[in-house]
file data-v2.tsv (TSV, C-alpha atoms)
chain	number	residue	atom	x	y	z
O	1	MET	CA	0.00	0.00	0.00
O	2	ARG	CA	1.40	3.36	-0.93
O	3	TYR	CA	1.82	5.99	1.70
O	4	ASN	CA	3.46	9.38	1.97
O	5	GLU	CA	6.68	8.24	3.53
O	6	LYS	CA	8.41	11.62	3.42
O	7	GLU	CA	5.63	13.17	5.42
O	8	LEU	CA	5.70	10.35	7.90
O	9	GLN	CA	9.42	10.84	8.31
O	10	ALA	CA	8.84	14.56	8.79
O	11	LEU	CA	6.26	13.69	11.40
O	12	SER	CA	8.87	11.67	13.27
O	13	ARG	CA	10.83	14.89	13.72
O	14	GLN	CA	7.93	16.75	15.30
O	15	PRO	CA	7.76	17.39	19.03
O	16	ALA	CA	6.85	14.16	20.73
O	17	GLU	CA	4.32	13.42	23.40
O	18	MET	CA	6.83	11.01	24.89
O	19	ALA	CA	10.34	10.03	23.93
O	20	ALA	CA	12.80	7.72	25.62
O	21	GLU	CA	15.39	5.10	25.01
O	22	LEU	CA	13.80	1.73	25.62
O	23	GLY	CA	14.57	-1.86	24.96
O	24	MET	CA	12.52	-3.06	22.04
O	25	ARG	CA	11.84	-6.50	20.68
O	26	GLY	CA	10.12	-7.08	17.36
O	27	PRO	CA	7.26	-9.45	16.69
O	28	LYS	CA	9.18	-12.18	14.94
O	29	LYS	CA	10.09	-15.28	16.86
O	30	GLY	CA	13.58	-15.11	18.20
O	31	SER	CA	13.82	-11.35	17.97
O	32	VAL	CA	16.45	-9.89	20.20
O	33	LEU	CA	16.08	-6.92	22.44
O	34	LYS	CA	17.56	-3.78	20.93
O	35	ARG	CA	18.03	-0.33	22.33
O	36	ARG	CA	15.84	2.07	20.44
O	37	LEU	CA	14.89	5.69	20.80
O	38	VAL	CA	11.13	5.45	20.92
O	39	LYS	CA	9.09	8.50	20.13
O	40	LEU	CA	5.35	8.99	20.36
O	41	VAL	CA	3.97	11.54	17.91
O	42	VAL	CA	0.22	11.82	17.40
O	43	ASN	CA	-1.01	8.27	16.73
O	44	PHE	CA	2.33	6.90	15.59
O	45	LEU	CA	5.11	5.33	17.55
O	46	PHE	CA	8.46	5.88	15.86
O	47	TYR	CA	11.56	3.99	16.74
O	48	PHE	CA	15.12	4.99	15.89
O	49	ARG	CA	18.52	3.49	16.26
O	50	THR	CA	19.92	5.54	19.06
O	51	ASP	CA	22.45	7.34	16.88
O	52	GLU	CA	20.36	7.88	13.77
O	53	ALA	CA	18.12	10.72	12.70
O	54	GLU	CA	15.78	8.74	10.46
O	55	PRO	CA	13.43	6.25	12.07
O	56	VAL	CA	13.87	2.56	11.53
O	57	GLY	CA	10.14	2.17	11.65
O	58	ALA	CA	6.76	3.41	12.73
O	59	LEU	CA	3.74	1.81	14.30
O	60	LEU	CA	0.25	3.10	13.73
O	61	LEU	CA	-1.46	3.02	17.10
O	62	GLU	CA	-5.07	2.56	16.05
O	63	ARG	CA	-6.91	-0.49	17.26
O	64	CYS	CA	-3.94	-1.80	19.14
O	65	ARG	CA	-3.69	-3.33	22.60
O	66	VAL	CA	-1.23	-2.19	25.21
O	67	VAL	CA	-0.62	-4.87	27.78
O	68	ARG	CA	1.56	-5.15	30.86
O	69	GLU	CA	4.03	-8.00	30.55
O	70	GLU	CA	6.77	-8.69	33.07
O	71	PRO	CA	7.54	-5.92	35.54
O	72	GLY	CA	8.76	-2.86	33.73
O	73	THR	CA	7.76	-4.31	30.38
O	74	PHE	CA	4.76	-3.73	28.21
O	75	SER	CA	3.73	-4.87	24.78
O	76	ILE	CA	1.83	-3.32	21.93
O	77	SER	CA	-0.18	-5.68	19.79
O	78	VAL	CA	-1.13	-4.32	16.42
O	79	PRO	CA	-3.77	-5.90	14.20
O	80	SER	CA	-2.36	-7.90	11.39
O	81	PRO	CA	-5.32	-9.31	9.57
O	82	GLY	CA	-4.82	-11.96	7.02
O	83	PHE	CA	-2.29	-13.91	8.98
O	84	ILE	CA	-4.21	-16.80	10.41
O	85	GLU	CA	-1.37	-18.07	12.55
O	86	ASP	CA	-0.52	-14.61	13.75
O	87	PRO	CA	-3.49	-12.25	13.70
O	88	GLU	CA	-1.62	-9.76	15.79
O	89	ARG	CA	1.94	-8.61	15.78
O	90	LYS	CA	3.32	-8.01	19.22
O	91	TYR	CA	6.12	-5.59	20.02
O	92	HIS	CA	7.78	-5.66	23.43
O	93	PHE	CA	9.20	-2.68	25.23
O	94	GLU	CA	11.42	-2.75	28.25
O	95	CYS	CA	11.48	0.29	30.47
O	96	SER	CA	14.05	1.34	33.01
O	97	SER	CA	11.51	1.55	35.80
O	98	GLU	CA	7.99	0.57	36.72
O	99	GLU	CA	7.09	4.22	36.75
O	100	GLN	CA	8.30	4.74	33.25
O	101	CYS	CA	6.37	1.69	32.15
O	102	GLN	CA	3.18	3.09	33.64
O	103	GLU	CA	3.76	6.44	32.01
O	104	TRP	CA	4.20	4.92	28.60
O	105	MET	CA	1.24	2.65	28.88
O	106	GLU	CA	-0.98	5.53	29.86
O	107	ALA	CA	0.30	7.72	27.04
O	108	LEU	CA	-0.11	4.97	24.47
O	109	ARG	CA	-3.63	4.27	25.62
O	110	ARG	CA	-4.53	7.84	24.74
O	111	ALA	CA	-2.58	7.97	21.53
O	112	SER	CA	-5.22	6.98	19.08
O	113	TYR	CA	-7.54	9.06	17.01
O	114	GLU	CA	-10.41	6.90	18.04
O	115	PHE	CA	-9.69	7.47	21.72
O	116	MET	CA	-9.49	11.23	21.16
O	117	ARG	CA	-12.72	11.20	19.25
O	118	ARG	CA	-14.51	9.38	22.05
O	119	SER	CA	-13.06	11.82	24.57
O	120	LEU	CA	-14.33	14.73	22.59
O	121	ILE	CA	-17.79	13.29	22.35
O	122	PHE	CA	-17.74	12.56	26.06
O	123	TYR	CA	-16.68	16.09	27.05
O	124	ARG	CA	-19.12	17.60	24.64
O	125	ASN	CA	-21.99	15.72	26.20
O	126	GLU	CA	-20.89	16.43	29.74
O	127	ILE	CA	-20.61	20.14	29.05
O	128	ARG	CA	-23.97	20.07	27.36
O	129	LYS	CA	-25.47	18.43	30.42
O	130	VAL	CA	-24.08	21.02	32.76
O	131	THR	CA	-24.51	24.14	30.70
O	132	GLY	CA	-27.23	23.25	28.24
O	133	LYS	CA	-25.01	24.47	25.44
O	134	ASP	CA	-23.04	22.66	22.81
O	135	PRO	CA	-19.40	23.68	23.25
O	136	LEU	CA	-18.60	22.82	19.67
O	137	GLU	CA	-20.81	25.56	18.33
O	138	GLN	CA	-18.29	28.24	19.15
O	139	PHE	CA	-15.82	26.40	16.95
O	140	GLY	CA	-18.30	25.96	14.20
O	141	ILE	CA	-17.91	22.22	14.16
O	142	SER	CA	-21.06	21.06	15.89
O	143	GLU	CA	-22.35	19.46	12.72
O	144	GLU	CA	-19.18	17.60	11.89
O	145	ALA	CA	-19.99	13.99	11.31
O	146	ARG	CA	-16.90	12.89	13.14
O	147	PHE	CA	-18.04	14.36	16.45
O	148	GLN	CA	-21.55	12.98	16.62
O	149	LEU	CA	-22.80	10.71	19.35
O	150	SER	CA	-23.05	7.86	16.92
O	151	GLY	CA	-19.28	7.77	17.03
O	152	LEU	CA	-19.51	6.28	20.49
O	153	GLN	CA	-21.18	3.18	19.23
O	154	ALA	CA	-18.28	2.28	16.98
H	1	MET	CA	12.11	7.58	-6.64
H	2	ALA	CA	12.19	11.34	-7.07
H	3	PRO	CA	12.94	12.26	-10.63
H	4	GLY	CA	16.36	13.70	-11.04
H	5	SER	CA	17.83	12.20	-7.91
H	6	PRO	CA	21.16	10.59	-8.65
H	7	PRO	CA	21.39	6.83	-8.42
H	8	GLY	CA	23.12	5.74	-5.26
H	9	PRO	CA	23.09	3.18	-2.54
H	10	ALA	CA	19.53	2.24	-1.77
H	11	ILE	CA	18.33	3.62	1.56
H	12	ALA	CA	16.26	1.15	3.49
H	13	THR	CA	12.74	2.41	3.63
H	14	MET	CA	11.14	2.92	6.96
H	15	LYS	CA	9.21	-0.03	8.26
H	16	LEU	CA	5.55	0.56	8.79
H	17	ASN	CA	2.88	-1.79	9.96
H	18	GLU	CA	1.03	-1.46	6.71
H	19	ARG	CA	-1.35	-4.23	7.52
H	20	SER	CA	-2.50	-2.25	10.53
H	21	LEU	CA	-3.07	0.70	8.29
H	22	ALA	CA	-5.05	-1.43	5.91
H	23	PHE	CA	-7.00	-2.77	8.83
H	24	TYR	CA	-7.81	0.72	10.06
H	25	ALA	CA	-8.99	1.53	6.56
H	26	THR	CA	-11.66	-1.12	6.62
H	27	CYS	CA	-12.54	-1.64	10.28
H	28	ASP	CA	-15.69	-0.44	11.91
H	29	ALA	CA	-14.41	2.89	13.21
H	30	PRO	CA	-16.47	5.86	12.02
H	31	VAL	CA	-15.90	7.10	8.52
H	32	ASP	CA	-15.43	10.82	8.41
H	33	ASN	CA	-15.99	11.26	4.72
H	34	ALA	CA	-16.16	9.03	1.68
H	35	GLY	CA	-16.66	9.43	-2.01
H	36	PHE	CA	-15.10	9.42	-5.42
H	37	LEU	CA	-12.35	11.86	-6.14
H	38	TYR	CA	-9.97	12.26	-8.99
H	39	LYS	CA	-6.39	12.05	-7.93
H	40	LYS	CA	-3.60	13.44	-10.00
H	41	GLY	CA	-0.91	10.83	-10.44
H	42	GLY	CA	2.04	13.17	-10.36
H	43	ARG	CA	2.98	16.56	-11.60
H	44	HIS	CA	2.44	15.76	-15.23
H	45	ALA	CA	0.27	12.72	-14.86
H	46	ALA	CA	-3.35	12.09	-15.51
H	47	TYR	CA	-6.14	11.98	-12.99
H	48	HIS	CA	-7.34	8.65	-11.71
H	49	ARG	CA	-10.75	8.20	-10.26
H	50	ARG	CA	-10.53	6.54	-6.87
H	51	TRP	CA	-12.79	5.80	-3.96
H	52	PHE	CA	-11.59	7.84	-1.02
H	53	VAL	CA	-12.29	7.14	2.64
H	54	LEU	CA	-11.29	9.58	5.33
H	55	ARG	CA	-10.96	8.06	8.72
H	56	GLY	CA	-9.27	9.95	11.49
H	57	ASN	CA	-6.11	11.51	10.15
H	58	MET	CA	-5.79	9.04	7.30
H	59	LEU	CA	-7.08	9.47	3.83
H	60	PHE	CA	-7.28	6.08	2.17
H	61	TYR	CA	-7.94	5.53	-1.47
H	62	PHE	CA	-9.22	2.41	-3.13
H	63	GLU	CA	-9.51	1.27	-6.68
H	64	ASP	CA	-13.25	1.42	-6.23
H	65	ALA	CA	-15.89	1.37	-3.50
H	66	ALA	CA	-15.94	-2.41	-3.35
H	67	SER	CA	-12.20	-2.97	-2.98
H	68	ARG	CA	-11.12	-4.48	0.26
H	69	GLU	CA	-7.59	-3.17	0.36
H	70	PRO	CA	-6.58	0.40	-0.18
H	71	VAL	CA	-4.27	1.29	-3.03
H	72	GLY	CA	-2.71	3.88	-0.77
H	73	VAL	CA	-3.07	6.32	2.08
H	74	ILE	CA	-2.25	9.93	2.68
H	75	ILE	CA	-1.38	10.59	6.31
H	76	LEU	CA	-2.84	13.97	7.12
H	77	GLU	CA	-0.60	15.54	9.71
H	78	GLY	CA	1.08	18.83	9.05
H	79	CYS	CA	-0.75	19.61	5.86
H	80	THR	CA	-2.93	22.39	4.59
H	81	VAL	CA	-5.89	22.07	2.30
H	82	GLU	CA	-6.23	24.65	-0.42
H	83	LEU	CA	-8.13	25.38	-3.53
H	84	VAL	CA	-6.08	25.27	-6.65
H	85	GLU	CA	-6.13	26.63	-10.09
H	86	ALA	CA	-6.42	23.54	-12.19
H	87	ALA	CA	-7.83	22.50	-15.49
H	88	GLU	CA	-9.99	20.12	-13.56
H	89	GLU	CA	-13.15	21.54	-12.00
H	90	PHE	CA	-13.69	21.37	-8.23
H	91	ALA	CA	-10.00	20.83	-7.64
H	92	PHE	CA	-8.24	21.25	-4.35
H	93	ALA	CA	-4.88	20.32	-2.96
H	94	VAL	CA	-3.47	18.73	0.14
H	95	ARG	CA	-0.17	20.43	0.59
H	96	PHE	CA	2.65	19.45	2.89
H	97	ALA	CA	5.44	21.67	4.08
H	98	GLY	CA	9.04	20.92	3.32
H	99	THR	CA	11.34	21.24	0.37
H	100	ARG	CA	10.57	18.12	-1.57
H	101	ALA	CA	7.19	17.54	-0.08
H	102	ARG	CA	4.41	16.27	-2.24
H	103	THR	CA	1.27	18.16	-3.02
H	104	TYR	CA	-1.72	15.97	-3.70
H	105	VAL	CA	-4.10	17.44	-6.21
H	106	LEU	CA	-7.60	16.08	-5.98
H	107	ALA	CA	-10.80	16.92	-7.74
H	108	ALA	CA	-14.34	16.32	-6.62
H	109	GLU	CA	-17.32	15.74	-8.82
H	110	SER	CA	-19.41	18.64	-7.59
H	111	GLN	CA	-19.16	21.92	-5.74
H	112	ASP	CA	-20.79	20.48	-2.65
H	113	ALA	CA	-18.55	17.47	-2.64
H	114	MET	CA	-15.50	19.67	-2.96
H	115	GLU	CA	-16.56	21.89	-0.07
H	116	GLY	CA	-17.34	18.88	2.04
H	117	TRP	CA	-13.93	17.40	1.41
H	118	VAL	CA	-12.05	20.64	1.99
H	119	LYS	CA	-13.79	21.07	5.31
H	120	ALA	CA	-13.36	17.50	6.40
H	121	LEU	CA	-9.71	17.32	5.42
H	122	SER	CA	-8.72	20.59	6.99
H	123	ARG	CA	-10.00	19.32	10.33
H	124	ALA	CA	-8.68	15.82	10.01
H	125	SER	CA	-5.42	16.05	11.89
H	126	PHE	CA	-4.88	14.40	15.22
H	127	ASP	CA	-3.27	17.62	16.32
H	128	TYR	CA	-6.43	19.59	15.71
H	129	LEU	CA	-8.56	17.04	17.47
H	130	ARG	CA	-6.27	17.05	20.45
H	131	LEU	CA	-6.51	20.84	20.68
H	132	VAL	CA	-10.27	20.69	20.74
H	133	VAL	CA	-10.28	17.92	23.34
H	134	ARG	CA	-7.95	19.85	25.59
H	135	GLU	CA	-10.11	22.89	25.25
H	136	LEU	CA	-13.23	20.97	26.18
H	137	GLU	CA	-11.43	19.34	29.07
H	138	GLN	CA	-10.68	22.77	30.46
H	139	GLN	CA	-14.19	23.96	29.85
H	140	LEU	CA	-15.67	21.02	31.65
H	141	ALA	CA	-13.38	21.52	34.60
H	142	ALA	CA	-14.36	25.16	34.66
H	143	VAL	CA	-18.10	24.56	34.60
H	144	ARG	CA	-17.87	21.81	37.14
H	145	GLY	CA	-15.63	23.86	39.38
H	146	GLY	CA	-18.04	26.78	39.32
H	147	GLY	CA	-20.98	24.48	40.01
H	148	GLY	CA	-21.57	24.03	43.69
H	149	MET	CA	-20.01	27.24	44.84
H	150	ALA	CA	-21.00	30.90	44.70
H	151	LEU	CA	-22.78	31.96	41.58
H	152	PRO	CA	-20.34	32.23	38.76
H	153	GLN	CA	-19.66	35.78	37.73
H	154	PRO	CA	-21.53	37.07	34.76
H	155	GLN	CA	-19.44	37.14	31.68
H	156	PRO	CA	-20.10	37.09	28.03
H	157	GLN	CA	-20.23	33.50	27.03
H	158	SER	CA	-16.99	33.78	25.29
H	159	LEU	CA	-13.64	32.27	25.65
H	160	PRO	CA	-10.83	34.73	25.39
H	161	LEU	CA	-11.00	35.92	21.86
H	162	PRO	CA	-8.33	34.72	19.58
H	163	PRO	CA	-5.96	37.15	18.02
H	164	SER	CA	-7.16	38.32	14.67
H	165	LEU	CA	-7.52	35.74	12.02
H	166	PRO	CA	-4.35	34.82	10.28
H	167	SER	CA	-3.90	37.88	8.18
H	168	ALA	CA	-2.21	35.94	5.49
H	169	LEU	CA	-5.30	34.85	3.68
H	170	ALA	CA	-3.70	33.73	0.52
H	171	PRO	CA	-4.09	36.36	-2.13
H	172	VAL	CA	-6.54	34.97	-4.57
H	173	PRO	CA	-5.05	35.35	-8.00
H	174	SER	CA	-6.36	38.18	-10.12
H	175	LEU	CA	-9.94	38.28	-9.08
H	176	PRO	CA	-12.12	41.35	-9.35
H	177	SER	CA	-13.17	42.81	-6.06
H	178	ALA	CA	-16.64	41.79	-5.07
H	179	PRO	CA	-19.01	44.47	-6.26
H	180	ALA	CA	-21.48	43.88	-3.46
H	181	PRO	CA	-21.55	41.80	-0.37
H	182	VAL	CA	-23.04	38.38	-0.71
H	183	PRO	CA	-26.58	38.42	0.60
H	184	ALA	CA	-27.15	36.68	3.88
H	185	LEU	CA	-23.49	36.58	4.66
H	186	PRO	CA	-23.04	34.13	7.46
H	187	LEU	CA	-21.89	35.93	10.54
H	188	PRO	CA	-19.08	34.62	12.60
H	189	ARG	CA	-20.26	32.12	15.08
H	190	ARG	CA	-17.90	33.41	17.65
H	191	PRO	CA	-19.46	35.63	20.24
H	192	SER	CA	-19.81	39.34	19.64
H	193	ALA	CA	-16.79	41.46	19.15
H	194	LEU	CA	-14.37	40.18	16.59
H	195	PRO	CA	-11.47	42.56	16.48
H	196	PRO	CA	-12.31	45.10	13.83
H	197	LYS	CA	-9.07	44.61	12.03
H	198	GLU	CA	-10.14	41.24	10.81
H	199	ASN	CA	-9.63	41.15	7.12
H	200	GLY	CA	-12.76	43.17	6.72
H	201	CYS	CA	-14.70	40.43	5.10
H	202	ALA	CA	-15.87	38.04	7.71
H	203	VAL	CA	-16.77	35.29	5.35
H	204	TRP	CA	-17.09	32.26	7.45
H	205	SER	CA	-17.88	28.86	6.28
H	206	THR	CA	-21.20	28.22	4.71
H	207	GLU	CA	-22.06	25.26	6.83
H	208	ALA	CA	-25.54	24.00	7.34
H	209	THR	CA	-25.61	25.38	10.85
H	210	PHE	CA	-25.24	28.90	9.62
H	211	ARG	CA	-27.58	31.16	11.52
H	212	PRO	CA	-28.09	34.59	10.12
H	213	GLY	CA	-28.31	37.39	12.59
H	214	PRO	CA	-26.29	38.55	15.55
H	215	GLU	CA	-25.26	36.32	18.38
H	216	PRO	CA	-27.94	36.07	21.01
H	217	PRO	CA	-27.12	38.08	24.08
H	218	PRO	CA	-25.48	36.15	26.85
H	219	PRO	CA	-27.95	34.61	29.27
H	220	PRO	CA	-28.57	36.44	32.53
H	221	PRO	CA	-25.98	35.68	35.16
H	222	ARG	CA	-28.07	33.23	37.10
H	223	ARG	CA	-28.43	30.89	34.19
H	224	ARG	CA	-24.92	31.43	33.21
H	225	ALA	CA	-23.85	29.15	30.49
H	226	SER	CA	-20.21	28.70	31.06
H	227	ALA	CA	-18.07	29.62	33.98
H	228	PRO	CA	-15.24	32.06	33.66
H	229	HIS	CA	-12.26	30.57	32.16
H	230	GLY	CA	-9.14	29.81	34.01
H	231	PRO	CA	-5.87	31.04	32.67
H	232	LEU	CA	-5.93	29.84	29.16
H	233	ASP	CA	-3.01	28.87	27.12
H	234	MET	CA	-3.43	30.98	24.05
H	235	ALA	CA	-1.33	28.81	21.88
H	236	PRO	CA	-4.02	26.21	21.21
H	237	PHE	CA	-6.40	28.93	20.11
H	238	ALA	CA	-3.93	30.46	17.80
H	239	ARG	CA	-3.51	27.10	16.23
H	240	LEU	CA	-7.17	26.36	16.13
H	241	HIS	CA	-7.73	29.54	14.32
H	242	GLU	CA	-4.91	28.85	12.02
H	243	CYS	CA	-6.80	25.78	11.04
H	244	TYR	CA	-9.89	27.82	10.50
H	245	GLY	CA	-7.88	30.34	8.59
H	246	GLN	CA	-6.99	27.66	6.14
H	247	GLU	CA	-10.54	26.63	5.69
H	248	ILE	CA	-11.69	30.17	5.33
H	249	ARG	CA	-9.01	30.89	2.81
H	250	ALA	CA	-10.15	27.94	0.82
H	251	LEU	CA	-13.80	28.75	0.98
H	252	ARG	CA	-13.31	32.43	0.45
H	253	GLY	CA	-11.26	31.72	-2.61
H	254	GLN	CA	-13.97	29.47	-3.85
H	255	TRP	CA	-16.65	32.04	-3.16
H	256	LEU	CA	-14.75	34.74	-4.93
H	257	SER	CA	-13.83	32.56	-7.84
H	258	SER	CA	-17.39	31.43	-8.25
H	259	ARG	CA	-18.26	35.04	-8.96
H	260	VAL	CA	-15.86	35.23	-11.87
H	261	GLN	CA	-17.45	34.61	-15.20
H	262	PRO	CA	-15.30	32.04	-16.95
call {"tool": "encode", "arguments": {"input": "data-v2.tsv", "output": "structure tokens"}}
result
Amino acid sequence: MRYNEKELQALSRQPAEMAAELGMRGPKKGSVLKRRLVKLVVNFLFYFRTDEAEPVGALLLERCRVVREEPGTFSISVPSPGFIEDPERKYHFECSSEEQCQEWMEALRRASYEFMRRSLIFYRNEIRKVTGKDPLEQFGISEEARFQLSGLQA
Amino acid sequence: MAPGSPPGPAIATMKLNERSLAFYATCDAPVDNAGFLYKKGGRHAAYHRRWFVLRGNMLFYFEDAASREPVGVIILEGCTVELVEAAEEFAFAVRFAGTRARTYVLAAESQDAMEGWVKALSRASFDYLRLVVRELEQQLAAVRGGGGMALPQPQPQSLPLPPSLPSALAPVPSLPSAPAPVPALPLPRRPSALPPKENGCAVWSTEATFRPGPEPPPPPPRRRASAPHGPLDMAPFARLHECYGQEIRALRGQWLSSRVQP
């Protein structure tokens, strides 16, 4: 599938929500742990060799599961449809402390468009309940399909 | 690769979980816009008709509406959406910053479709969504905080007004000045006093929710709609309005150009 790689690379240079050097293990069997600079930007997780400016890779963080593994370690499982034996690809990340692990897991949980969308809908409704007004009207986006209640059912 | 770039050692392309992208393209998350668009292959290439699906900050395109895998995706962070001068009618462009960045030229099949796409795409970034969410988060905290205590002070139901619209509305190429204002010009939906040095032509978007007439007066203090705002980080607003500036530039251009007799 074609994608705008240059722009994705440019995105990897944007200010990150979170960035740290972590141990990272790829999904393939027998993958070894490697030190990577891991950078969270919008709904992508970029990972770099620690001395390189261009990312080795990127993970789209939509519809993925973030799970605690051993202490200080978490995994991200990304959907990989079509592979019957391996419907998910699992990436492991080793943190330097439990605290760091928690921080990352929390940040990754929020790092999806779909999560943000649901948050928006939630806040919109809560504000409406308290004030009787739709807070999106002042932005002129109250009719946007993407922010309607029906989004919560998805 | 880019035309004109010298042959050299192949650089490993970045790994991307493309299957996850493809999955996101076809899963049951909400679709933010969909329809046929013509996509220009390259600078001197022909247009191809494709089925486009906007979901989140990703614009997927398929061979046709029944295809199960996208041909490609345009990741919509850090881009602007503009109208373009093109041979094709209803054309617009998704433009990225950067020296060798690509500009995607797309064309819709009708005026309405084009406007719908320009609007949807200019609000598609994760960045924009995050700004709005943060803003609402603060608003909710503010209204909740003011709730059980003394009556909130009366204040116009406005958030701190943004600085004037980005003054750099792109100069629309050689268009005659509008001889008369458009009837029923939609008024800004923002509360009352826009700084007078706005570009003088407050043409806001022509969305369905457009309500002609002045903003209703703020409700009396007792029924106060929203509590006073805490110290607000102006940066998100500036950016929000930058986003709107883009949209307005696009739509204004379109409005003005629609007045030109071809």
call {"tool": "interface_residues", "arguments": {"input": "data-v2.tsv", "of": "chain H", "to": "chain O", "cutoff": "6 Å", "atoms": "all atoms listed in the file", "output": "list in words"}}
result
Met14, Lys15, Leu16, Asn17, Arg19, Ser20, Ala29, Asp32, Gly56, Val71, Gly72, Val73, Ile74, Val133, Leu140, Arg189, Arg190 and Ala225 of chain H
call {"tool": "write_last_selection", "arguments": {"input": "data-v2.tsv", "atoms": "C-alpha atoms", "output": "PDB file, in the coordinates of the input"}}
result
ATOM      1  CA  MET H  14      11.140   2.920   6.960  1.00  0.00           C
ATOM      2  CA  LYS H  15       9.210  -0.030   8.260  1.00  0.00           C
ATOM      3  CA  LEU H  16       5.550   0.560   8.790  1.00  0.00           C
ATOM      4  CA  ASN H  17       2.880  -1.790   9.960  1.00  0.00           C
ATOM      5  CA  ARG H  19      -1.350  -4.230   7.520  1.00  0.00           C
ATOM      6  CA  SER H  20      -2.500  -2.250  10.530  1.00  0.00           C
ATOM      7  CA  ALA H  29     -14.410   2.890  13.210  1.00  0.00           C
ATOM      8  CA  ASP H  32     -15.430  10.820   8.410  1.00  0.00           C
ATOM      9  CA  GLY H  56      -9.270   9.950  11.490  1.00  0.00           C
ATOM     10  CA  VAL H  71      -4.270   1.290  -3.030  1.00  0.00           C
ATOM     11  CA  GLY H  72      -2.710   3.880  -0.770  1.00  0.00           C
ATOM     12  CA  VAL H  73      -3.070   6.320   2.080  1.00  0.00           C
ATOM     13  CA  ILE H  74      -2.250   9.930   2.680  1.00  0.00           C
ATOM     14  CA  VAL H 133     -10.280  17.920  23.340  1.00  0.00           C
ATOM     15  CA  LEU H 140     -15.670  21.020  31.650  1.00  0.00           C
ATOM     16  CA  ARG H 189     -20.260  32.120  15.080  1.00  0.00           C
ATOM     17  CA  ARG H 190     -17.900  33.410  17.650  1.00  0.00           C
ATOM     18  CA  ALA H 225     -23.850  29.150  30.490  1.00  0.00           C
TER      19      ALA H 225
END
call {"tool": "atom_distance", "arguments": {"input": "data-v2.tsv", "atom1": "CA of Asp112 in chain H", "atom2": "CA of Glu82 in chain H"}}
result
15.3 Å
call {"tool": "atom_distance", "arguments": {"input": "data-v2.tsv", "atom1": "CA of Tyr104 in chain H", "atom2": "CA of Asp64 in chain H"}}
result
18.7 Å
call {"tool": "atom_distance", "arguments": {"input": "data-v2.tsv", "atom1": "CA of Ala108 in chain H", "atom2": "CA of Tyr61 in chain H"}}
result
13.6 Å
